[in-house]
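*Asks:* coords-v1.cif (mmCIF, C-alpha atoms (C1' of nucleotides)) pasted underneath:
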```cif
data_target
#
loop_
_atom_site.group_PDB
_atom_site.id
_atom_site.type_symbol
_atom_site.label_atom_id
_atom_site.label_comp_id
_atom_site.auth_asym_id
_atom_site.auth_seq_id
_atom_site.Cartn_x
_atom_site.Cartn_y
_atom_site.Cartn_z
ATOM 1 C CA MET A 90 11.082 -6.323 -18.669
ATOM 2 C CA LYS A 91 7.616 -5.863 -17.150
ATOM 3 C CA ILE A 92 7.748 -4.504 -13.586
ATOM 4 C CA ALA A 93 4.495 -4.358 -11.609
ATOM 5 C CA THR A 94 3.652 -2.981 -8.164
ATOM 6 C CA PHE A 95 0.688 -4.286 -6.151
ATOM 7 C CA ASN A 96 -0.348 -3.508 -2.566
ATOM 8 C CA ILE A 97 -2.007 -6.841 -1.782
ATOM 9 C CA ASN A 98 -3.251 -5.968 1.756
ATOM 10 C CA GLY A 99 -2.311 -9.335 3.296
ATOM 11 C CA ILE A 100 -0.671 -12.288 1.514
ATOM 12 C CA THR A 101 -2.900 -14.819 3.279
ATOM 13 C CA ALA A 102 -6.151 -13.165 2.260
ATOM 14 C CA ARG A 103 -4.895 -12.416 -1.259
ATOM 15 C CA LEU A 104 -3.091 -15.643 -2.186
ATOM 16 C CA GLU A 105 -5.598 -16.872 -4.769
ATOM 17 C CA ALA A 106 -6.275 -13.462 -6.322
ATOM 18 C CA LEU A 107 -2.536 -12.813 -6.560
ATOM 19 C CA LYS A 108 -1.861 -16.138 -8.278
ATOM 20 C CA VAL A 109 -4.622 -15.507 -10.837
ATOM 21 C CA TRP A 110 -3.298 -12.044 -11.630
ATOM 22 C CA LEU A 111 0.323 -13.239 -11.923
ATOM 23 C CA GLU A 112 -0.719 -15.974 -14.358
ATOM 24 C CA GLU A 113 -2.591 -13.576 -16.604
ATOM 25 C CA ALA A 114 -0.388 -10.446 -16.332
ATOM 26 C CA ARG A 115 2.886 -12.400 -16.297
ATOM 27 C CA PRO A 116 5.108 -9.629 -14.911
ATOM 28 C CA ASP A 117 8.832 -10.412 -14.910
ATOM 29 C CA VAL A 118 9.052 -8.558 -11.606
ATOM 30 C CA ALA A 119 6.218 -8.107 -9.068
ATOM 31 C CA CYS A 120 6.812 -5.684 -6.206
ATOM 32 C CA LEU A 121 4.381 -6.340 -3.356
ATOM 33 C CA GLN A 122 3.387 -4.244 -0.342
ATOM 34 C CA GLU A 123 1.435 -4.930 2.862
ATOM 35 C CA THR A 124 2.284 -8.635 2.874
ATOM 36 C CA LYS A 125 1.687 -8.663 6.675
ATOM 37 C CA LYS A 126 3.829 -11.769 7.255
ATOM 38 C CA ILE A 127 7.172 -12.551 8.831
ATOM 39 C CA ASP A 128 9.558 -13.949 6.211
ATOM 40 C CA ALA A 129 9.539 -17.483 7.695
ATOM 41 C CA ASP A 130 5.745 -17.700 7.249
ATOM 42 C CA PHE A 131 5.516 -16.266 3.705
ATOM 43 C CA PRO A 132 4.236 -18.906 1.230
ATOM 44 C CA ARG A 133 7.317 -18.565 -0.974
ATOM 45 C CA GLU A 134 6.914 -22.076 -2.523
ATOM 46 C CA VAL A 135 3.684 -20.969 -4.235
ATOM 47 C CA PHE A 136 5.622 -18.392 -6.220
ATOM 48 C CA GLU A 137 8.816 -20.397 -6.647
ATOM 49 C CA SER A 138 6.734 -23.120 -8.311
ATOM 50 C CA MET A 139 5.527 -20.426 -10.749
ATOM 51 C CA GLY A 140 9.124 -19.596 -11.651
ATOM 52 C CA TYR A 141 9.667 -16.601 -9.379
ATOM 53 C CA GLN A 142 12.641 -15.897 -7.154
ATOM 54 C CA VAL A 143 11.268 -14.504 -3.862
ATOM 55 C CA GLU A 144 12.972 -11.819 -1.755
ATOM 56 C CA LEU A 145 11.203 -10.644 1.394
ATOM 57 C CA HIS A 146 11.254 -8.022 4.118
ATOM 58 C CA GLY A 147 8.262 -8.670 6.308
ATOM 59 C CA MET A 148 6.898 -8.402 9.839
ATOM 60 C CA LYS A 149 3.901 -9.694 11.777
ATOM 61 C CA SER A 150 0.471 -8.178 11.027
ATOM 62 C CA PHE A 151 1.530 -4.929 9.382
ATOM 63 C CA ASN A 152 3.602 -3.540 6.498
ATOM 64 C CA GLY A 153 5.895 -5.992 4.703
ATOM 65 C CA VAL A 154 7.363 -5.696 1.194
ATOM 66 C CA ALA A 155 8.545 -8.274 -1.339
ATOM 67 C CA ILE A 156 10.085 -8.617 -4.776
ATOM 68 C CA LEU A 157 9.144 -11.615 -6.939
ATOM 69 C CA SER A 158 11.209 -12.033 -10.110
ATOM 70 C CA LYS A 159 11.438 -14.485 -12.990
ATOM 71 C CA LEU A 160 14.834 -12.960 -13.794
ATOM 72 C CA PRO A 161 17.788 -13.378 -11.411
ATOM 73 C CA LEU A 162 17.948 -11.009 -8.427
ATOM 74 C CA GLU A 163 21.255 -9.860 -6.972
ATOM 75 C CA ASP A 164 22.465 -7.558 -4.193
ATOM 76 C CA VAL A 165 19.287 -7.504 -2.099
ATOM 77 C CA THR A 166 19.132 -4.611 0.389
ATOM 78 C CA ARG A 167 16.478 -4.391 3.091
ATOM 79 C CA ARG A 168 15.510 -1.303 5.186
ATOM 80 C CA LEU A 169 15.597 2.369 4.282
ATOM 81 C CA PRO A 170 18.715 3.997 5.767
ATOM 82 C CA GLY A 171 18.597 7.002 8.066
ATOM 83 C CA ASN A 172 16.873 5.791 11.248
ATOM 84 C CA ASP A 173 18.133 2.695 13.072
ATOM 85 C CA ASP A 174 15.114 2.831 15.405
ATOM 86 C CA ASP A 175 12.669 2.310 12.519
ATOM 87 C CA GLU A 176 11.512 -1.320 12.800
ATOM 88 C CA GLN A 177 8.849 -1.062 10.090
ATOM 89 C CA THR A 178 9.386 -3.203 6.987
ATOM 90 C CA ARG A 179 8.727 -0.796 4.138
ATOM 91 C CA TRP A 180 11.733 -0.972 1.779
ATOM 92 C CA ILE A 181 13.549 -3.659 -0.222
ATOM 93 C CA GLU A 182 15.934 -3.202 -3.173
ATOM 94 C CA ALA A 183 17.363 -5.755 -5.591
ATOM 95 C CA THR A 184 19.153 -5.715 -8.930
ATOM 96 C CA VAL A 185 17.235 -7.531 -11.682
ATOM 97 C CA ILE A 186 19.491 -9.124 -14.272
ATOM 98 C CA GLY A 187 17.703 -8.863 -17.622
ATOM 99 C CA LYS A 188 19.020 -7.701 -20.972
ATOM 100 C CA ARG A 189 20.102 -4.793 -18.790
ATOM 101 C CA ALA A 190 20.639 -4.732 -15.038
ATOM 102 C CA VAL A 191 17.897 -2.680 -13.331
ATOM 103 C CA ARG A 192 17.909 -1.723 -9.655
ATOM 104 C CA VAL A 193 14.316 -2.169 -8.430
ATOM 105 C CA THR A 194 12.870 -1.005 -5.086
ATOM 106 C CA SER A 195 9.545 -2.139 -3.614
ATOM 107 C CA LEU A 196 8.451 0.541 -1.124
ATOM 108 C CA TYR A 197 5.516 1.152 1.207
ATOM 109 C CA LEU A 198 5.484 4.799 2.234
ATOM 110 C CA PRO A 199 3.823 5.585 5.590
ATOM 111 C CA ASN A 200 0.167 6.631 5.360
ATOM 112 C CA GLY A 201 0.700 9.485 7.818
ATOM 113 C CA ASN A 202 -2.869 9.972 9.079
ATOM 114 C CA PRO A 203 -4.005 11.592 11.228
ATOM 115 C CA ALA A 204 -2.375 14.867 10.257
ATOM 116 C CA PRO A 205 -1.058 16.778 12.015
ATOM 117 C CA GLY A 206 0.483 14.437 14.581
ATOM 118 C CA PRO A 207 3.371 12.046 15.192
ATOM 119 C CA LYS A 208 2.353 9.704 12.366
ATOM 120 C CA TYR A 209 2.411 12.619 9.943
ATOM 121 C CA ASP A 210 5.801 13.768 11.227
ATOM 122 C CA ASN A 211 7.070 10.217 10.654
ATOM 123 C CA LYS A 212 5.761 10.253 7.084
ATOM 124 C CA LEU A 213 7.611 13.455 6.231
ATOM 125 C CA HIS A 214 10.796 12.243 7.927
ATOM 126 C CA TRP A 215 10.578 8.932 6.054
ATOM 127 C CA MET A 216 10.215 10.827 2.776
ATOM 128 C CA GLU A 217 13.350 12.855 3.505
ATOM 129 C CA ARG A 218 15.194 9.591 4.234
ATOM 130 C CA MET A 219 13.920 8.272 0.895
ATOM 131 C CA ARG A 220 15.099 11.402 -0.895
ATOM 132 C CA GLN A 221 18.594 10.883 0.465
ATOM 133 C CA ARG A 222 18.630 7.190 -0.514
ATOM 134 C CA VAL A 223 17.411 8.014 -4.041
ATOM 135 C CA ALA A 224 20.088 10.711 -4.369
ATOM 136 C CA ALA A 225 22.787 8.211 -3.379
ATOM 137 C CA LEU A 226 21.558 5.588 -5.859
ATOM 138 C CA LEU A 227 21.325 8.169 -8.660
ATOM 139 C CA GLY A 228 25.095 8.522 -8.309
ATOM 140 C CA THR A 229 25.475 5.027 -9.774
ATOM 141 C CA GLU A 230 23.950 6.258 -13.076
ATOM 142 C CA GLU A 231 22.268 2.860 -13.465
ATOM 143 C CA PRO A 232 18.629 2.286 -14.453
ATOM 144 C CA LEU A 233 16.621 2.616 -11.212
ATOM 145 C CA VAL A 234 12.931 1.876 -10.593
ATOM 146 C CA PHE A 235 11.309 2.950 -7.310
ATOM 147 C CA CYS A 236 7.822 1.480 -7.224
ATOM 148 C CA GLY A 237 5.187 0.864 -4.616
ATOM 149 C CA ASP A 238 2.418 2.369 -2.530
ATOM 150 C CA TYR A 239 3.535 5.986 -2.103
ATOM 151 C CA ASN A 240 0.414 7.029 -0.170
ATOM 152 C CA ILE A 241 0.662 10.268 -2.170
ATOM 153 C CA ILE A 242 -1.957 11.760 -4.500
ATOM 154 C CA PRO A 243 0.394 13.812 -6.698
ATOM 155 C CA GLN A 244 -2.149 16.082 -8.438
ATOM 156 C CA PRO A 245 -5.886 16.943 -8.275
ATOM 157 C CA GLU A 246 -6.514 14.847 -11.396
ATOM 158 C CA ASP A 247 -5.307 11.817 -9.438
ATOM 159 C CA ALA A 248 -8.437 11.850 -7.228
ATOM 160 C CA ALA A 249 -12.087 11.516 -8.200
ATOM 161 C CA ASN A 250 -13.042 14.017 -5.460
ATOM 162 C CA PRO A 251 -9.913 15.991 -4.570
ATOM 163 C CA LYS A 252 -11.869 18.175 -2.098
ATOM 164 C CA ASP A 253 -12.394 15.072 0.077
ATOM 165 C CA TRP A 254 -8.631 14.835 0.589
ATOM 166 C CA LEU A 255 -7.709 18.419 1.442
ATOM 167 C CA THR A 256 -6.851 17.665 5.084
ATOM 168 C CA ASP A 257 -5.593 14.114 4.460
ATOM 169 C CA ALA A 258 -1.944 13.086 4.804
ATOM 170 C CA LEU A 259 -2.069 11.682 1.254
ATOM 171 C CA TYR A 260 -2.788 15.097 -0.274
ATOM 172 C CA LEU A 261 -1.670 17.840 2.126
ATOM 173 C CA PRO A 262 0.648 20.428 0.524
ATOM 174 C CA GLU A 263 3.606 19.316 2.691
ATOM 175 C CA SER A 264 3.142 15.718 1.514
ATOM 176 C CA ARG A 265 2.985 16.640 -2.154
ATOM 177 C CA ALA A 266 5.980 18.974 -1.753
ATOM 178 C CA ALA A 267 8.045 16.198 -0.166
ATOM 179 C CA TYR A 268 7.101 13.911 -3.067
ATOM 180 C CA GLN A 269 7.991 16.625 -5.547
ATOM 181 C CA ARG A 270 11.395 17.048 -3.893
ATOM 182 C CA ILE A 271 12.081 13.366 -4.627
ATOM 183 C CA VAL A 272 10.868 13.656 -8.229
ATOM 184 C CA ASN A 273 12.920 16.832 -8.649
ATOM 185 C CA LEU A 274 16.121 14.852 -8.139
ATOM 186 C CA GLY A 275 15.546 13.918 -11.774
ATOM 187 C CA LEU A 276 12.994 11.100 -11.678
ATOM 188 C CA THR A 277 10.153 10.417 -14.124
ATOM 189 C CA GLU A 278 6.739 9.248 -12.901
ATOM 190 C CA ALA A 279 6.108 6.567 -15.502
ATOM 191 C CA PHE A 280 2.316 6.364 -15.718
ATOM 192 C CA ARG A 281 1.749 10.113 -15.981
ATOM 193 C CA ALA A 282 4.611 10.486 -18.451
ATOM 194 C CA ARG A 283 2.816 8.173 -20.864
ATOM 195 C CA ASN A 284 -0.829 8.863 -20.052
ATOM 196 C CA GLN A 285 -2.150 12.402 -19.570
ATOM 197 C CA SER A 286 -5.830 11.599 -19.063
ATOM 198 C CA PRO A 287 -7.318 12.117 -15.579
ATOM 199 C CA GLY A 288 -9.594 9.685 -13.758
ATOM 200 C CA GLN A 289 -7.261 6.695 -13.573
ATOM 201 C CA TYR A 290 -6.871 5.310 -10.091
ATOM 202 C CA THR A 291 -5.050 2.515 -8.247
ATOM 203 C CA PHE A 292 -6.988 2.566 -4.932
ATOM 204 C CA TRP A 293 -10.638 2.522 -3.963
ATOM 205 C CA ASP A 294 -11.482 2.438 -0.236
ATOM 206 C CA PHE A 295 -13.358 -0.581 1.102
ATOM 207 C CA GLN A 296 -15.801 1.833 2.770
ATOM 208 C CA ARG A 297 -18.696 3.957 1.504
ATOM 209 C CA GLY A 298 -19.027 2.076 -1.781
ATOM 210 C CA ALA A 299 -15.927 3.779 -3.179
ATOM 211 C CA TRP A 300 -15.460 1.184 -5.933
ATOM 212 C CA GLU A 301 -19.113 1.190 -7.025
ATOM 213 C CA ARG A 302 -19.004 4.995 -7.209
ATOM 214 C CA ASN A 303 -15.524 5.043 -8.810
ATOM 215 C CA ASN A 304 -14.358 7.257 -5.951
ATOM 216 C CA GLY A 305 -10.694 6.388 -6.421
ATOM 217 C CA ILE A 306 -7.226 7.856 -6.032
ATOM 218 C CA ARG A 307 -3.921 7.172 -7.795
ATOM 219 C CA ILE A 308 -1.266 6.516 -5.132
ATOM 220 C CA ASP A 309 0.778 3.574 -6.511
ATOM 221 C CA HIS A 310 3.613 4.851 -8.680
ATOM 222 C CA HIS A 311 6.809 3.981 -10.543
ATOM 223 C CA LEU A 312 9.533 6.638 -10.342
ATOM 224 C CA LEU A 313 12.346 6.115 -12.874
ATOM 225 C CA SER A 314 15.906 7.380 -12.990
ATOM 226 C CA PRO A 315 16.929 9.023 -16.301
ATOM 227 C CA GLN A 316 18.633 5.812 -17.404
ATOM 228 C CA ALA A 317 15.426 3.839 -16.711
ATOM 229 C CA ALA A 318 13.155 6.486 -18.262
ATOM 230 C CA ASP A 319 15.142 6.113 -21.501
ATOM 231 C CA LEU A 320 14.056 2.447 -21.566
ATOM 232 C CA LEU A 321 10.318 3.069 -20.848
ATOM 233 C CA VAL A 322 8.018 1.652 -23.524
ATOM 234 C CA ASP A 323 4.635 1.356 -21.781
ATOM 235 C CA ALA A 324 2.755 1.814 -18.484
ATOM 236 C CA GLY A 325 -0.667 0.771 -17.282
ATOM 237 C CA ILE A 326 -3.094 -0.022 -14.449
ATOM 238 C CA ASP A 327 -4.942 -3.354 -14.124
ATOM 239 C CA LYS A 328 -8.197 -1.754 -12.936
ATOM 240 C CA ALA A 329 -10.393 -4.827 -13.460
ATOM 241 C CA VAL A 330 -8.659 -6.625 -10.584
ATOM 242 C CA ARG A 331 -10.597 -4.403 -8.135
ATOM 243 C CA GLY A 332 -13.944 -5.829 -9.283
ATOM 244 C CA ARG A 333 -13.117 -9.482 -8.587
ATOM 245 C CA GLU A 334 -13.763 -11.771 -5.612
ATOM 246 C CA LYS A 335 -11.955 -10.791 -2.403
ATOM 247 C CA PRO A 336 -10.024 -7.902 -3.938
ATOM 248 C CA SER A 337 -7.341 -5.787 -2.323
ATOM 249 C CA ASP A 338 -8.261 -2.114 -2.006
ATOM 250 C CA HIS A 339 -5.367 -1.440 -4.451
ATOM 251 C CA VAL A 340 -4.894 -2.737 -8.007
ATOM 252 C CA PRO A 341 -1.616 -3.517 -9.829
ATOM 253 C CA ALA A 342 0.214 -0.804 -11.769
ATOM 254 C CA TRP A 343 2.938 -1.812 -14.229
ATOM 255 C CA ILE A 344 5.602 -0.580 -16.615
ATOM 256 C CA GLU A 345 7.393 -2.186 -19.538
ATOM 257 C CA LEU A 346 11.097 -1.397 -19.969
ATOM 258 C CA ASP A 347 13.304 -2.292 -22.953
ATOM 259 C CA ALA A 348 15.688 -4.020 -20.573
ATOM 260 C "C1'" DA B 189 -22.053 15.128 11.334
ATOM 261 C "C1'" DT B 190 -21.181 10.483 11.385
ATOM 262 C "C1'" DG B 191 -20.012 5.851 10.310
ATOM 263 C "C1'" DG B 192 -19.092 2.928 7.090
ATOM 264 C "C1'" DT B 193 -15.246 -2.053 5.447
ATOM 265 C "C1'" DA B 194 -11.277 -5.133 5.468
ATOM 266 C "C1'" DG B 195 -7.107 -7.680 7.538
ATOM 267 C "C1'" DC B 196 -4.956 -9.492 11.378
ATOM 268 C "C1'" DG B 197 -5.788 -12.038 15.410
ATOM 269 C "C1'" DG B 198 -8.316 -12.922 18.875
ATOM 270 C "C1'" DT B 199 -8.613 -6.699 21.031
ATOM 271 C "C1'" DG B 200 -8.025 -2.750 19.083
ATOM 272 C "C1'" DC B 201 -4.975 -0.905 15.613
ATOM 273 C "C1'" DT B 202 -4.025 0.288 10.860
ATOM 274 C "C1'" DA B 203 -5.674 1.845 6.709
#
```
Would you give me this structure, written as structure tokens?
*Replies:*
Amino acid sequence: MKIATFNINGITARLEALKVWLEEARPDVACLQETKKIDADFPREVFESMGYQVELHGMKSFNGVAILSKLPLEDVTRRLPGNDDDEQTRWIEATVIGKRAVRVTSLYLPNGNPAPGPKYDNKLHWMERMRQRVAALLGTEEPLVFCGDYNIIPQPEDAANPKDWLTDALYLPESRAAYQRIVNLGLTEAFRARNQSPGQYTFWDFQRGAWERNNGIRIDHHLLSPQAADLLVDAGIDKAVRGREKPSDHVPAWIELDA
DNA sequence: ATGGTAGCGGTGCTA
């Protein structure tokens, strides 16, 4: 079971590039972020005609997450618990029925800039809500995959120029500590578990020629429960997607599970 | 020190 995560930065602007990548990468499950569409306006037929079941949690203009799956999806859950006033569409879970059943979450963690400030406070609060949701799901002892745009640079080796990020919400010590608290529940970060070399990124800013200068950061991750980590056979990043026509600022990251 | 780009939507916000 190949499970990819891809922040597409707008389904309308990325429709062609997304179709091309899906046809060549052929993930069984594609978790999308920043779809920027209400569910009624999402072009679900495009993906259904490619053999994908489409589950959505979107809103107008901002945020928006989705799970596309060639395998059956069951028990879809939208919204991250813990704050009924939070209207932002950043979390969707579904159980993928493969050789094994795998609970997959597509998540879009708040950016949090500028820090300090209310947006940063919201990021840290959201991360504590996520920690509690992950803890509850770990009680099921099922294979769990939490993938998406974490807006977290976990370590210095995950940025080309870590000094540029010292005061940024993606890299501040409080942000990385909150991320580590989630990992410390017993999760495995799939890409780093299988690939120790630095300099591998999933995001290059549209500004300042970041792509041309390879000034990237690695902020799109798959966190695996112990039962999912036992099934991990491979992980990778589709870097070449960033160099194509009308790219997103993120590229797909993927894992292969024996499931 | 500053401003640079992209998406959405039709202006300024978000990133």
*Asks:* Could you tell me which residues of chain B sit within 8 Å of chain A when counting all atoms listed in the file, and give me the result as JSON, numbers by chain?
*Replies:* {"B": [192, 193, 194, 195, 196, 202, 203]}
*Asks:* Have a look at atom CA of A:Ser286 and atom CA of A:Glu246 and let me know their distance in Å, one decimal.
*Replies:*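 We find that atom CA of A:Ser286 and atom CA of A:Glu246 lie 8.4 Å from each other.
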*Asks:* For a test of reading the model, state the distance in Å between atom CA of A:Gly288 and atom CA of A:Ala249, rounded to one decimal.
*Replies:* 6.4 Å
*Asks:* For stretch 218-224 of chain A, work out the shell of residues within 8 Å, counting all atoms listed in the file and skipping chain neighbours fewer than 5 positions away, then give it as a PyMOL selection string.
*Replies:* chain A and resi 169-171+270-271+274
*Asks:* Tell me which residues the PyMOL selection byres ((chain A and resi 308-319) around 9) grabs here, as a VMD selection string.
*Replies:* chain A and resid 93 to 96 191 227 230 to 243 247 259 272 274 to 280 290 to 292 306 to 307 320 to 322 339 to 344 346 to 348
*Asks:* Could you tell me which residues the PyMOL selection byres ((chain A and resi 132-140) around 10) grabs in this file, written as a list in words?
*Replies:*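 Applying the expression gives Ile100, Thr101, Leu104, Leu107, Lys108, Leu111, Glu112, Asp117, Lys126, Asp128, Ala129, Asp130, Phe131, Tyr141, Gln142, Val143, Glu144, Leu145, Leu157, Ser158, Lys159 and Leu160 of chain A.
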*Asks:* Go ahead and save the picked residues with C-alpha atoms, as an mmCIF file, keeping the file's coordinate frame.
*Replies:*
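Final output, saved to part_36.cif:
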```
data_model
loop_
_atom_site.group_PDB
_atom_site.id
_atom_site.type_symbol
_atom_site.label_atom_id
_atom_site.label_comp_id
_atom_site.auth_asym_id
_atom_site.auth_seq_id
_atom_site.Cartn_x
_atom_site.Cartn_y
_atom_site.Cartn_z
ATOM 1 C CA ILE A 100 -0.671 -12.288 1.514
ATOM 2 C CA THR A 101 -2.900 -14.819 3.279
ATOM 3 C CA LEU A 104 -3.091 -15.643 -2.186
ATOM 4 C CA LEU A 107 -2.536 -12.813 -6.560
ATOM 5 C CA LYS A 108 -1.861 -16.138 -8.278
ATOM 6 C CA LEU A 111 0.323 -13.239 -11.923
ATOM 7 C CA GLU A 112 -0.719 -15.974 -14.358
ATOM 8 C CA ASP A 117 8.832 -10.412 -14.910
ATOM 9 C CA LYS A 126 3.829 -11.769 7.255
ATOM 10 C CA ASP A 128 9.558 -13.949 6.211
ATOM 11 C CA ALA A 129 9.539 -17.483 7.695
ATOM 12 C CA ASP A 130 5.745 -17.700 7.249
ATOM 13 C CA PHE A 131 5.516 -16.266 3.705
ATOM 14 C CA TYR A 141 9.667 -16.601 -9.379
ATOM 15 C CA GLN A 142 12.641 -15.897 -7.154
ATOM 16 C CA VAL A 143 11.268 -14.504 -3.862
ATOM 17 C CA GLU A 144 12.972 -11.819 -1.755
ATOM 18 C CA LEU A 145 11.203 -10.644 1.394
ATOM 19 C CA LEU A 157 9.144 -11.615 -6.939
ATOM 20 C CA SER A 158 11.209 -12.033 -10.110
ATOM 21 C CA LYS A 159 11.438 -14.485 -12.990
ATOM 22 C CA LEU A 160 14.834 -12.960 -13.794
#
```
